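This report refers to the structure that appears directly beneath it.
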Amino acid sequence: MKARKYLLVVLAATAATFTACSSPEESARAALVEVGEEWQAAVRETDPRNRVAAYSDVIEALESIVEDYPETPDGRAIASGREVVGGRSLQGLRAMRDELAARASCYSSPSVDCLTPLGSSYTRNGSAAEGSAEAVFTAARKTVCDKGFAAADRLLEPFKINKPVYSGELVQLALAAAACSKPVEVVAAIDAYRAAVPDVAVNQLISIVSTDALKPAWSSVMAELERRVASGGLSQNDVANVTLTMAVRYALLGDARKAIAKYRHFTDTLNYQADLTTKFELGAALIAAGAADEGIAVVASPHTRSPAVVTVTRAARGLADEFKITQGQAIPQLYNIKDIRDFFTPVAAEERQRVAASAAAIEAELEKLAPVVTIQDGAITQMDTAYGALALVQQKLGAADKASALIAKGAALRDRLLPAAGQKEVGLSQFNTYAALIALAHGKHAEAAELVTTMNIRHEYARLILKSFAAKGDLEQCLALANTIQPNTPQSYTTVIESFIELGRLDDAERAIAAFAGNADAKRGMYWLLAQQAAAEGDVKGAEKFVEKYSLVAQPRDRLRFLGTLLGSEKIAGSRRQAEPLIREIFTIGSQLDASGSNSYDAIAQNAAWHAFHNGYTDLGIELYTAAGRKDQKPMFEAFNEKLNKRDMPVLLMLAHDNLRGEPLGYVIDAAIRYLNREAV
């Protein structure tokens with residue numbers, strides 16, 4: 001109100017002065033100039049409520065000009081709806097003021113409840129309670145891993161009266177606990193689920209015991225299924241379905257006696273027949289559980305050995321899958337495996353006896369089939385890889401000799417079934433994925449490299465072999481291996497270079513790059529790795545040395561890449577003294593590129609604001625985002641990260657409000673909501 005009164009006093013004084021010595025037109029023009037100056041001050045105001053008051057002052061001042069000078073050009077222009085201040089008409093200013101007024105209280109003291117109706121359409125379509133619930137559920141799933149089920153369950157307390165929501169979230173907690181290897185918490189969550197919904201449908205119980213991740217809770221759920229069958233309230237088809245399900249699950253739990261009893265009840269008493277897929281699953285589980293004869297009997301055919309081959313192969317791969325070796329695929333899965341030692345992490349002590357017994361039982365069945373199977377039985381790419389899967393399991397058990405022997409048996413089977421030279425390639429790529437890993441585990445890098453050359457997909461194997469061999473420190477031999485696997489290709493060389501960089505041997509990495517005879521652009525990319533490593537260590541001068549030595553910065557975009565590389569180092573980015581000049585240089589270069597029109601897709605200068613927000617320099621981010629000529633919502637998302645001080649939220653919300661509209665503004669408000677939810681946990 002003080003600002004408004006002051007503005008009106010100024011306008012009144014101006015009017016009085018010009019009334020005495022100037023024409024109405026001059027007086028109106030002088031008053032409008034004063035309003036323009038007040039408008040500039042208003043848009044600089046970052047407090048939401050004060051901004052609304054300043055807008056009201058400007059609006060009232062314009063209304064006064066219309067009232068005092070209705071016949072002047074400026075008075076008529078304002079009254080007719082022309083744009084007179086800040087590119088807006090009087091009506092436009094009122095709409096702007098009213099829109100902000102409706103949000104000002106929330107922007108000043110933001111909360112999830114008040115921001116939710118202002119968020120994106122996705123957020124608005126759900127209530128604030130639902131938004132908060134999702135945050136609670138997310139927190140609970142994290143808590144079950146960090147603090148156990150009881151702590152996670154306490155977070156769900158408000159939802160316990162809403163049984164469908166609460167029970168559904170209990171299953172999600174069980175799955176979250178399984179993902180972080182907390183079997184005790186899996187059991188606790190499923191027990192709570194059954195207590196919350198004591199009359200849960202049978203098909204829901206079957207769903208639990210059909211989910212591998214929930215295996216720790218199977219026994220208690222199976223006991224409940226037994227009671228449901230005994231109660232007599234199920235249809236015959238339901239009884240048959242439950243009985244067959246339990247037969248398979250008991251076998252997978254290692255209880256062959258119960259599994260066989262259930263299956264016989266299913267076939268002999270209930271007079272049902274299982275589908276072939278279920279037979280394979282049951283037969284494989286029985287073999288692994290030590291009841292091989294019964295397992296083979298489940299799938300036996302008088303006409304072909306193929307079902308037996310499939311079943312034994314499934315048993316081998318199933319055992320390997322317990323340790324995420326093949327993950328349901330025909331070959332080992334190496335994605336995200338950084339070191340061969342990680343892949344061969346030993347089997348837990350309490351599991352060793354069971355796993356060794358299963359491996360021995362499966363191998364015994366392979367040995368029975370090996371002398372008599374034919375290609376027509378599907379032995380190639382099945383039994384040979386089954387030997388390979390068992391070899392990997394034995395390696396994890398610490399039985400290196402057994403692992404080598406199994407690979408040899410698989411190779412012998414292939415030689416018997418594929419005697420002709422032209423047949424040797426059939427299924428060779430798959431089998432050698434196993435053989436190469438065993439060779440690598442035994443330190444036979446050259447042999448592993450030769451085996452990799454036969455593979456259809458070799459990059460992940462090459463990466464592990466070269467990384468492992470690089471640790472020995474012989475650069476020349478390492479490059480020889482790289483050329484054996486993938487001659488003079490960027491992928492292999494890059495692996496070698498990265499390996500020597502990790503070992504802290506940048507000189508050798510530099511020598512390796514110099515020896516690369518391939519594509520020049522690929523070579524430049526390798527030199528960038530040296531600059532990145534120096535930057536990661538916080539060595540700005542070292543990074544600049546590599547950039548200058550190899551002329552890596554040939555154009556403004558290269559310089560932007562280098563600046564981004566430097567800011568990717570926590571040591572550099574964490575020091576505002578070092579980081580701010582780099583961020584400001586990104587803004588300068590980005591502004592030039594934005595203004596040149598050479599970049600029609602991305603706004604580049606605003607990336608400087610992203611870096612500032614990302615590293616917690618909120619004031620710098622606000623300054624640069626405001627100054628950027630082209631901008632969108634992306635930097636504002638980063639503003640609401642864990643480094644934000646909550647007291648800065650009103651200014652950020654106003655910044656977004658001033659520069660964004662519609663869904664983009666809503667998306668930024670969604671980010672603010674996520675920040676508040678994280679803070680509340």
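To be explicit about the labels: the chains of the structure tokens are called A, B, and onward in the order shown, and within each one the residues are counted from 1, while ligands get numbers from 1 in the order they are shown.
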List the spatial neighbours of stretch 202-209 of chain A as an NGL selection string - criterion: any atom at most 8 Å away, only C-alpha atoms, same-chain residues fewer than 3 positions off excluded.
:A and (212 or 214-215 or 217-218 or 221-222 or 225 or 228 or 242 or 245 or 249)
Keeping only C-alpha atoms, write the selected residues as a PDB file, in the first residue's frame.
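The result, written out as again-v9.pdb:
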ATOM      1  CA  ASP A 212      10.096 -65.992  -8.538  1.00  0.00           C
ATOM      2  CA  LEU A 214       8.712 -63.736  -3.834  1.00  0.00           C
ATOM      3  CA  LYS A 215      10.166 -67.242  -3.364  1.00  0.00           C
ATOM      4  CA  ALA A 217       7.375 -66.332   1.090  1.00  0.00           C
ATOM      5  CA  TRP A 218       6.203 -69.328  -0.948  1.00  0.00           C
ATOM      6  CA  VAL A 221       1.486 -69.073   1.064  1.00  0.00           C
ATOM      7  CA  MET A 222       1.558 -72.742   0.039  1.00  0.00           C
ATOM      8  CA  LEU A 225      -3.316 -72.862  -0.367  1.00  0.00           C
ATOM      9  CA  ARG A 228      -8.066 -73.585   0.979  1.00  0.00           C
ATOM     10  CA  VAL A 242      -3.823 -75.122  -7.199  1.00  0.00           C
ATOM     11  CA  THR A 245       0.894 -75.042  -9.100  1.00  0.00           C
ATOM     12  CA  ARG A 249       6.548 -74.786  -6.514  1.00  0.00           C
TER      13      ARG A 249
END
Residues near A:Leu93, anyone? I mean within 12 Å using only C-alpha atoms, not counting same-chain ones fewer than 2 positions away, as a ChimeraX atom specification.
/A:39,42-43,52,54-63,78,81-91,95-101
